[in-house]
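Q: Sharing coords.cif here; it has mmCIF, C-alpha atoms and all ligand atoms.
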```cif
data_data
#
loop_
_atom_site.label_atom_id
_atom_site.label_comp_id
_atom_site.auth_asym_id
_atom_site.auth_seq_id
_atom_site.Cartn_x
_atom_site.Cartn_y
_atom_site.Cartn_z
CA MET J 914 10.92 9.37 25.86
CA SER J 915 9.76 6.67 28.32
CA LYS J 916 11.16 3.18 27.77
CA PRO J 917 11.05 2.57 23.99
CA TYR J 918 9.07 -0.35 22.57
CA LEU J 919 11.36 -0.66 19.57
CA GLU J 920 14.91 0.62 19.58
CA LEU J 921 17.64 0.69 16.96
CA SER J 922 20.90 1.75 18.53
CA GLY J 923 24.20 2.46 16.85
CA VAL J 924 23.19 0.39 13.84
CA ASP J 925 25.72 0.13 11.01
CA MET J 926 25.15 -2.06 7.98
CA ARG J 927 27.96 -3.09 5.68
CA PHE J 928 27.34 -5.44 2.76
CA ARG J 929 30.02 -7.63 1.22
CA THR J 930 30.14 -7.08 -2.52
CA ASP J 931 32.47 -8.15 -5.35
CA LYS J 932 34.20 -4.78 -5.04
CA GLY J 933 34.69 -5.04 -1.28
CA GLU J 934 32.55 -3.81 1.58
CA PHE J 935 29.72 -1.38 0.93
CA GLU J 936 28.68 0.72 3.91
CA ALA J 937 24.94 1.20 3.45
CA LEU J 938 23.96 2.54 6.91
CA LYS J 939 25.97 4.34 9.55
CA ASN J 940 24.93 4.95 13.15
CA ILE J 941 21.15 4.64 12.94
CA ASN J 942 19.54 5.51 16.27
CA LEU J 943 15.76 5.40 16.52
CA ARG J 944 13.28 4.75 19.30
CA LEU J 945 9.58 4.07 18.85
CA LYS J 946 6.84 4.10 21.47
CA LYS J 947 4.22 1.36 21.43
CA GLY J 948 1.43 2.35 19.05
CA GLU J 949 3.51 4.91 17.21
CA PHE J 950 3.30 5.32 13.43
CA VAL J 951 6.65 6.29 11.94
CA SER J 952 7.42 6.84 8.26
CA LEU J 953 10.85 6.53 6.66
CA ILE J 954 11.48 8.84 3.76
CA GLY J 955 14.61 9.49 1.72
CA HIS J 956 15.99 9.32 -1.78
CA SER J 957 16.00 6.08 -3.70
CA GLY J 958 18.81 3.75 -2.61
CA CYS J 959 19.53 5.56 0.68
CA GLY J 960 18.83 2.49 2.80
CA LYS J 961 15.17 2.56 3.86
CA SER J 962 14.49 -1.08 2.99
CA THR J 963 17.72 -2.06 4.71
CA VAL J 964 16.44 -0.43 7.93
CA LEU J 965 13.15 -2.30 7.60
CA ASN J 966 14.94 -5.58 6.87
CA LEU J 967 17.06 -5.12 9.98
CA VAL J 968 13.94 -4.68 12.12
CA ALA J 969 12.35 -7.67 10.36
CA GLY J 970 15.43 -9.72 11.24
CA LEU J 971 16.18 -10.49 7.60
CA HIS J 972 19.59 -8.83 7.96
CA ALA J 973 21.84 -8.79 11.01
CA PRO J 974 23.47 -5.40 11.67
CA SER J 975 27.25 -5.15 11.26
CA SER J 976 27.32 -3.17 14.52
CA GLY J 977 24.72 -2.05 17.00
CA GLY J 978 21.43 -3.79 17.61
CA VAL J 979 17.64 -3.81 17.40
CA ILE J 980 15.53 -4.42 20.49
CA LEU J 981 11.77 -5.03 20.33
CA ASP J 982 9.75 -5.17 23.54
CA GLY J 983 12.87 -5.91 25.60
CA ARG J 984 14.26 -8.67 23.34
CA GLU J 985 17.05 -8.45 20.82
CA VAL J 986 15.96 -9.14 17.24
CA ASN J 987 18.14 -11.92 15.85
CA GLY J 988 16.09 -13.41 13.02
CA PRO J 989 12.68 -13.20 11.37
CA GLY J 990 9.59 -13.90 13.46
CA PRO J 991 5.81 -13.47 13.40
CA GLU J 992 5.95 -10.58 15.87
CA ARG J 993 7.36 -8.46 13.00
CA ALA J 994 5.07 -8.61 9.96
CA LEU J 995 6.16 -7.23 6.59
CA VAL J 996 3.94 -5.94 3.80
CA PHE J 997 5.59 -5.17 0.45
CA GLN J 998 4.52 -3.10 -2.52
CA ASN J 999 3.75 -6.35 -4.32
CA HIS J 1000 1.35 -8.17 -2.08
CA ALA J 1001 3.14 -11.60 -2.25
CA LEU J 1002 -0.08 -13.60 -1.86
CA LEU J 1003 0.06 -17.24 -2.90
CA PRO J 1004 -1.79 -17.29 -6.25
CA TRP J 1005 -3.21 -20.82 -5.89
CA LEU J 1006 -4.90 -20.08 -2.56
CA THR J 1007 -8.07 -18.05 -2.08
CA VAL J 1008 -8.02 -14.77 -0.18
CA GLU J 1009 -9.33 -16.56 2.91
CA GLN J 1010 -6.84 -19.43 2.58
CA ASN J 1011 -3.94 -16.98 2.25
CA ILE J 1012 -4.80 -15.47 5.62
CA ALA J 1013 -5.66 -18.84 7.16
CA LEU J 1014 -2.19 -20.13 6.26
CA ALA J 1015 -0.54 -17.39 8.32
CA VAL J 1016 -3.01 -17.81 11.19
CA ASP J 1017 -2.67 -21.61 11.28
CA ASN J 1018 1.12 -21.37 11.32
CA THR J 1019 1.20 -18.78 14.07
CA PHE J 1020 -1.53 -20.13 16.35
CA PRO J 1021 -1.38 -23.95 15.97
CA HIS J 1022 -2.43 -24.35 19.63
CA GLN J 1023 -5.77 -22.60 19.04
CA GLY J 1024 -8.92 -24.53 18.05
CA ARG J 1025 -10.00 -24.59 14.40
CA ALA J 1026 -13.14 -22.52 15.04
CA GLU J 1027 -11.15 -19.85 16.85
CA ARG J 1028 -8.64 -19.65 13.98
CA ARG J 1029 -11.45 -19.42 11.36
CA GLU J 1030 -13.03 -16.64 13.42
CA ARG J 1031 -9.72 -14.77 13.44
CA VAL J 1032 -9.46 -15.04 9.64
CA LYS J 1033 -13.01 -13.71 9.25
CA HIS J 1034 -12.36 -10.85 11.66
CA PHE J 1035 -9.31 -9.58 9.76
CA LEU J 1036 -11.00 -9.97 6.38
CA ALA J 1037 -13.86 -7.83 7.68
CA LEU J 1038 -11.43 -5.28 9.12
CA VAL J 1039 -10.06 -4.55 5.63
CA HIS J 1040 -13.53 -4.77 4.02
CA MET J 1041 -12.73 -7.89 2.02
CA SER J 1042 -15.26 -10.42 3.39
CA HIS J 1043 -17.12 -10.38 0.08
CA ALA J 1044 -14.05 -11.70 -1.77
CA ALA J 1045 -13.09 -14.42 0.72
CA HIS J 1046 -13.35 -17.20 -1.85
CA LYS J 1047 -11.68 -15.44 -4.76
CA LEU J 1048 -8.16 -16.15 -5.95
CA PRO J 1049 -5.61 -13.28 -5.92
CA GLY J 1050 -5.70 -13.27 -9.75
CA GLU J 1051 -9.42 -12.42 -9.61
CA ILE J 1052 -9.14 -9.24 -7.49
CA SER J 1053 -7.68 -5.75 -8.09
CA GLY J 1054 -4.27 -4.49 -6.94
CA GLY J 1055 -5.81 -2.43 -4.13
CA MET J 1056 -7.80 -5.44 -2.94
CA LYS J 1057 -4.65 -7.56 -2.93
CA GLN J 1058 -2.92 -4.98 -0.75
CA ARG J 1059 -5.89 -5.05 1.64
CA VAL J 1060 -5.54 -8.82 1.89
CA GLY J 1061 -1.79 -8.47 2.43
CA ILE J 1062 -2.43 -6.05 5.29
CA ALA J 1063 -5.08 -8.35 6.79
CA ARG J 1064 -2.67 -11.27 6.61
CA ALA J 1065 0.08 -9.26 8.30
CA LEU J 1066 -2.27 -8.07 11.07
CA SER J 1067 -3.89 -11.47 11.58
CA VAL J 1068 -0.82 -12.81 13.39
CA ASP J 1069 -0.96 -10.00 16.01
CA PRO J 1070 2.49 -8.61 15.19
CA LYS J 1071 4.23 -6.36 17.69
CA VAL J 1072 5.33 -4.20 14.81
CA LEU J 1073 3.95 -3.83 11.32
CA LEU J 1074 6.59 -3.10 8.67
CA LEU J 1075 5.25 -1.58 5.47
CA ASP J 1076 7.59 -1.23 2.49
CA GLU J 1077 5.88 1.23 0.12
CA PRO J 1078 2.61 -0.64 0.57
CA PHE J 1079 0.61 1.61 -1.76
CA GLY J 1080 3.36 2.45 -4.24
CA ALA J 1081 1.86 0.49 -7.13
CA LEU J 1082 -1.70 1.80 -6.76
CA ASP J 1083 -3.57 4.59 -8.54
CA ALA J 1084 -4.16 7.79 -6.57
CA LEU J 1085 -7.78 7.14 -5.61
CA THR J 1086 -7.24 3.53 -4.51
CA ARG J 1087 -4.19 4.70 -2.60
CA ALA J 1088 -6.24 7.36 -0.79
CA HIS J 1089 -8.87 4.75 0.20
CA LEU J 1090 -6.20 2.43 1.55
CA GLN J 1091 -4.50 5.22 3.49
CA ASP J 1092 -7.85 6.04 5.12
CA SER J 1093 -8.41 2.35 5.92
CA LEU J 1094 -4.95 2.09 7.42
CA MET J 1095 -5.61 5.12 9.64
CA ASP J 1096 -8.93 3.58 10.81
CA ILE J 1097 -7.26 0.23 11.51
CA GLN J 1098 -4.43 1.82 13.42
CA ALA J 1099 -6.89 3.87 15.49
CA GLU J 1100 -8.73 0.63 16.35
CA LEU J 1101 -5.79 -1.72 16.96
CA GLY J 1102 -3.06 0.71 18.08
CA ASN J 1103 -0.39 -0.99 15.98
CA THR J 1104 3.22 0.09 16.09
CA VAL J 1105 4.11 0.77 12.47
CA ILE J 1106 7.17 1.64 10.41
CA MET J 1107 6.28 2.55 6.84
CA ILE J 1108 8.58 3.37 3.94
CA THR J 1109 7.15 5.85 1.51
CA HIS J 1110 8.29 8.19 -1.25
CA ASP J 1111 5.09 10.20 -0.95
CA VAL J 1112 5.38 13.31 1.22
CA ASP J 1113 1.60 13.75 1.58
CA GLU J 1114 1.18 10.13 2.61
CA ALA J 1115 3.93 10.50 5.21
CA VAL J 1116 2.41 13.65 6.75
CA LEU J 1117 -1.14 12.29 6.68
CA LEU J 1118 -0.38 8.96 8.36
CA SER J 1119 2.57 9.51 10.66
CA ASP J 1120 3.22 10.53 14.23
CA ARG J 1121 6.83 11.16 13.18
CA ILE J 1122 8.68 11.23 9.89
CA VAL J 1123 12.24 9.97 9.85
CA MET J 1124 14.19 11.61 7.04
CA MET J 1125 17.27 9.78 5.85
CA THR J 1126 20.39 11.24 4.30
CA ASN J 1127 21.73 9.95 1.01
CA GLY J 1128 24.00 6.93 0.98
CA PRO J 1129 26.52 5.50 1.15
CA ALA J 1130 26.75 5.49 4.94
CA ALA J 1131 23.22 6.87 5.13
CA THR J 1132 21.91 7.92 8.49
CA ILE J 1133 18.99 9.77 10.03
CA GLY J 1134 19.22 13.41 9.05
CA GLU J 1135 16.15 14.75 10.80
CA ILE J 1136 13.07 13.53 12.63
CA LEU J 1137 9.91 15.57 12.24
CA ALA J 1138 7.02 15.21 14.71
CA ILE J 1139 3.55 15.51 13.15
CA PRO J 1140 1.39 17.00 15.89
CA LEU J 1141 -1.84 17.02 13.83
CA ALA J 1142 -4.89 15.84 15.79
CA ARG J 1143 -6.46 12.47 14.93
CA PRO J 1144 -8.68 11.36 13.31
CA ARG J 1145 -7.22 13.14 10.30
CA ASN J 1146 -9.25 14.10 7.30
CA ARG J 1147 -7.39 14.68 4.04
CA VAL J 1148 -9.88 17.23 2.74
CA ALA J 1149 -9.87 19.29 5.95
CA LEU J 1150 -6.06 19.11 6.07
CA SER J 1151 -5.78 20.54 2.59
CA ASP J 1152 -6.85 23.86 4.16
CA ASP J 1153 -4.67 23.51 7.25
CA ALA J 1154 -1.63 25.81 7.36
CA ARG J 1155 0.25 23.52 9.79
CA TYR J 1156 -0.19 20.60 7.38
CA HIS J 1157 1.38 22.64 4.59
CA GLN J 1158 4.22 23.77 6.84
CA LEU J 1159 5.05 20.16 7.78
CA ARG J 1160 4.84 19.10 4.16
CA ARG J 1161 7.19 21.91 3.18
CA ARG J 1162 9.69 20.88 5.85
CA VAL J 1163 9.89 17.36 4.43
CA LEU J 1164 10.16 18.62 0.86
CA SER J 1165 12.94 21.03 1.79
CA PHE J 1166 14.85 18.26 3.54
CA LEU J 1167 14.58 16.06 0.47
CA TYR J 1168 15.63 18.79 -1.95
CA GLU J 1169 18.35 20.40 0.17
CA GLY J 1170 20.69 17.54 -0.85
CA HIS J 1171 21.78 15.71 2.27
CA ASP J 1172 24.79 13.54 2.09
CA ASN J 1173 26.06 11.67 5.10
CA VAL J 1174 29.08 13.87 5.77
CA SER J 1175 27.13 17.08 6.24
CA THR J 1176 24.51 15.59 8.50
CA LEU J 1177 26.35 13.03 10.65
CA ALA J 1178 27.19 15.70 13.15
CA ARG J 1179 23.50 16.44 13.63
CA THR J 1180 22.40 12.81 14.03
CA ARG J 1181 20.65 12.33 17.32
CA VAL J 1182 18.80 9.73 19.32
CA ALA J 1183 15.08 10.36 18.95
N1 LIG F 1 22.34 -7.38 -0.18
C1 LIG F 1 22.98 -6.28 -0.57
N2 LIG F 1 24.26 -6.33 -1.00
C2 LIG F 1 24.91 -5.23 -1.39
N3 LIG F 1 24.38 -3.99 -1.38
C3 LIG F 1 23.11 -3.87 -0.95
C4 LIG F 1 22.34 -5.00 -0.54
N4 LIG F 1 21.10 -4.58 -0.17
C5 LIG F 1 21.11 -3.25 -0.37
N5 LIG F 1 22.29 -2.83 -0.83
C6 LIG F 1 22.67 -1.44 -1.14
O1 LIG F 1 22.40 -0.65 0.00
C7 LIG F 1 21.89 0.61 -0.37
C8 LIG F 1 20.52 0.82 0.28
O2 LIG F 1 19.57 -0.05 -0.34
P1 LIG F 1 18.03 -0.05 0.08
O3 LIG F 1 17.33 -1.04 -0.79
O4 LIG F 1 17.93 -0.22 1.53
O5 LIG F 1 17.60 1.45 -0.31
P2 LIG F 1 16.14 2.11 -0.36
O6 LIG F 1 16.27 3.44 0.25
O7 LIG F 1 15.14 1.17 0.22
O8 LIG F 1 15.91 2.23 -1.92
P3 LIG F 1 14.56 2.41 -2.78
O9 LIG F 1 13.88 3.63 -2.26
O10 LIG F 1 15.05 2.59 -4.19
O11 LIG F 1 13.76 1.15 -2.60
C9 LIG F 1 21.84 0.63 -1.89
O12 LIG F 1 23.00 1.25 -2.37
C10 LIG F 1 21.83 -0.85 -2.26
O13 LIG F 1 22.43 -1.05 -3.51
#
```
Mind turning this structure into structure tokens?
A:
Amino acid sequence: MSKPYLELSGVDMRFRTDKGEFEALKNINLRLKKGEFVSLIGHSGCGKSTVLNLVAGLHAPSSGGVILDGREVNGPGPERALVFQNHALLPWLTVEQNIALAVDNTFPHQGRAERRERVKHFLALVHMSHAAHKLPGEISGGMKQRVGIARALSVDPKVLLLDEPFGALDALTRAHLQDSLMDIQAELGNTVIMITHDVDEAVLLSDRIVMMTNGPAATIGEILAIPLARPRNRVALSDDARYHQLRRRVLSFLYEGHDNVSTLARTRVA
């Protein structure tokens, strides 16, 4: 791979607990190109959120490091935007004000008109202009996630970190949001790491799927490239043999039962 945009190298994460140290992650090595969409998949509790939190700068690794665009990550910052399963919008602010807050904090040097224009642009991008003046309590779960994504994108992050962003949504709303996310990524070329438990979602959206072994001392067991042409259409893919093959590969990884000991030897730098 040419020079990576985002690189995790030799990352170990040990947490201090009442019962002593808990080794959550061991020797995570991952490189992303600019504009790449990578999903993290693995059994519950294996350490996916911990990986995302390390990239976000919310945790510092016990060993190893994270480098984004040539600079070591050593704390949270607007160039790494997080979107959670639960939107985390401020309930007393309107949709527009929620995004404006992020924009105003990140671009205080810009003029007011320019910042308002930016808010409008990102609301339109997620098809939420019509609800600009509503409060989060007045819109649906899917709409809240759209606003959360618009807010994250509105600060021009270098990397977008999505922690099961559609996990709480019904299947149809989830499908609409996945399609929107693919459209947005095609337009903006964001570099994205997304945690998901949904194999179809991972195959549909990703350039590569990073499959993690079970913890403790979880690591990367396998990385699967998804060479399906874009734009991708879920209905067309349902008849595509390669799609089903890729899907099967992920399912077999998840159900083969990977613990850290059996797979450490195969861990490699992607
Ligand atoms: N602050 C912490 N202190 C101690 N242990 C922690 C801490 N944060 C996470 N862990 C442990 O590290 C392991 C990985 O947790 P993490 O939340 O990253 O897993 P996950 O794969 O995202 O799980 P899920 O899919 O259920 O959300 C778990 O065993 C968890 O209990």
Q: So which one's closest to ligand LIG 1 (chain F), J:Asn1127, J:Gln1058, J:Ser1119, J:Asn1018? Using all atoms listed in the file, please.
A: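 Ranked by minimum distance to ligand LIG 1 (chain F), first place goes to J:Asn1127.
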Q: Could you give me, as a ChimeraX atom specification, every polymer residue with an atom at most 6 Å away from an atom of ligand LIG 1 (chain F), counting all atoms listed in the file?
A: /J:928,930,937,957-963
Q: Please report the interatomic distance between atom CA of Met1125 of chain J and atom CA of Ile954 of chain J in Å with one decimal.
A: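 Taking atom CA of Met1125 of chain J and atom CA of Ile954 of chain J, their separation equals 6.2 Å.
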Q: When distances are computed from all atoms listed in the file, which of J:Thr1019, J:Gln1010, J:Gln998, J:Thr1086 shows the smallest separation from His1110 of chain J?
A: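 The answer is J:Gln998, which sits nearest to His1110 of chain J.
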Q: Which is closer to Ala994 of chain J than all the others in J:Gly1024, J:Gly933, J:Pro1144, J:Gly970, using all atoms listed in the file?
A: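 Among J:Gly1024, J:Gly933, J:Pro1144, J:Gly970, it is J:Gly970 that comes nearest to Ala994 of chain J.
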Q: With distances taken over all atoms listed in the file, which residue among J:Gln1158, J:Ser1067, J:Gln1023, J:Ser915 lies nearest Lys946 of chain J?
A: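 Going through J:Gln1158, J:Ser1067, J:Gln1023, J:Ser915 one by one, the smallest distance to Lys946 of chain J is for J:Ser915.
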Q: To one decimal place, how far is atom CA of Arg1064 of chain J from atom CA of Val968 of chain J in Å?
A: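 Those two atoms sit 18.7 Å apart.
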Q: What is the atom CA of Pro974 of chain J-atom CA of Arg927 of chain J distance in Å, reported with one decimal?
A: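 Value for the atom CA of Pro974 of chain J-atom CA of Arg927 of chain J distance: 7.8 Å.
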Q: Might you pull out every residue within 6 Å of Thr1007 of chain J, with all atoms listed in the file counted and same-chain residues fewer than 6 positions away left off, and present them as a list in words?
A: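 Here the qualifying residues turn out to be His1046, Lys1047 and Leu1048 of chain J.
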Q: For the residues selected in the previous step, produce a file with C-alpha atoms as a PDB file, in the frame of the given file.
A:
```pdb
ATOM      1  CA  HIS J1046     -13.350 -17.200  -1.850  1.00  0.00           C
ATOM      2  CA  LYS J1047     -11.680 -15.440  -4.760  1.00  0.00           C
ATOM      3  CA  LEU J1048      -8.160 -16.150  -5.950  1.00  0.00           C
TER       4      LEU J1048
END
```
Q: Could you list, as a PyMOL selection string, every residue within 12 Å of Arg1028 of chain J, counting only C-alpha atoms and ignoring same-chain residues fewer than 2 positions away?
A: chain J and resi 1009-1010+1012-1026+1030-1035+1067-1068
Q: Give as a ChimeraX atom specification each residue that has an atom at most 8 Å from (-0.5, -13.1, 2.4) in the file, counting only C-alpha atoms.
A: /J:1000-1003,1011-1012,1015,1060-1065
Q: Which residue gives the smallest distance to Arg1147 of chain J among J:Ile1106, J:Ala969, J:Val964, J:Val1116, with only C-alpha atoms counted?
A: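 Smallest separation from Arg1147 of chain J among the options: J:Val1116.
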Q: Of the candidates J:Asp925, J:Ile1097, J:Val1008, J:Leu1167, which one gets nearest to Ile1052 of chain J if we count only C-alpha atoms?
A: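 Among the listed residues, J:Val1008 lies closest to Ile1052 of chain J.
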Q: Please return segment 938-956 of chain J, rebuilt to N, CA and C atoms, as a compact mmCIF listing (two decimals), in the coordinates of the input.
A:
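Output file part35.txt follows:
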```txt
# COMPACT_ATOMS: atom_id res chain seq x y z
N LEU J 938 24.50 1.73 5.80
CA LEU J 938 23.96 2.54 6.91
C LEU J 938 25.03 2.80 7.94
N LYS J 939 24.98 3.98 8.54
CA LYS J 939 25.97 4.34 9.55
C LYS J 939 25.26 4.98 10.73
N ASN J 940 25.38 4.36 11.88
CA ASN J 940 24.93 4.95 13.15
C ASN J 940 23.46 5.37 13.13
N ILE J 941 22.60 4.39 12.89
CA ILE J 941 21.15 4.64 12.94
C ILE J 941 20.68 4.48 14.38
N ASN J 942 20.08 5.53 14.90
CA ASN J 942 19.54 5.51 16.27
C ASN J 942 18.09 5.96 16.21
N LEU J 943 17.19 5.07 16.61
CA LEU J 943 15.76 5.40 16.52
C LEU J 943 15.01 4.66 17.61
N ARG J 944 14.11 5.38 18.26
CA ARG J 944 13.28 4.75 19.30
C ARG J 944 11.81 4.99 18.98
N LEU J 945 11.02 3.92 19.07
CA LEU J 945 9.58 4.07 18.85
C LEU J 945 8.83 3.69 20.11
N LYS J 946 7.76 4.46 20.38
CA LYS J 946 6.84 4.10 21.47
C LYS J 946 5.87 3.07 20.93
N LYS J 947 5.26 2.31 21.84
CA LYS J 947 4.22 1.36 21.43
C LYS J 947 3.06 2.16 20.81
N GLY J 948 2.58 1.70 19.69
CA GLY J 948 1.43 2.35 19.05
C GLY J 948 1.81 3.52 18.16
N GLU J 949 3.10 3.77 18.03
CA GLU J 949 3.51 4.91 17.21
C GLU J 949 3.54 4.53 15.72
N PHE J 950 3.24 5.51 14.87
CA PHE J 950 3.30 5.32 13.43
C PHE J 950 4.43 6.20 12.90
N VAL J 951 5.49 5.55 12.41
CA VAL J 951 6.65 6.29 11.94
C VAL J 951 6.87 5.99 10.45
N SER J 952 7.09 7.05 9.67
CA SER J 952 7.42 6.84 8.26
C SER J 952 8.90 7.08 8.03
N LEU J 953 9.46 6.33 7.10
CA LEU J 953 10.85 6.53 6.66
C LEU J 953 10.80 7.10 5.26
N ILE J 954 11.48 8.23 5.09
CA ILE J 954 11.48 8.84 3.76
C ILE J 954 12.92 9.21 3.42
N GLY J 955 13.25 9.16 2.15
CA GLY J 955 14.61 9.49 1.72
C GLY J 955 14.76 9.10 0.26
N HIS J 956 15.82 9.57 -0.35
CA HIS J 956 15.99 9.32 -1.78
C HIS J 956 16.20 7.84 -2.06
```
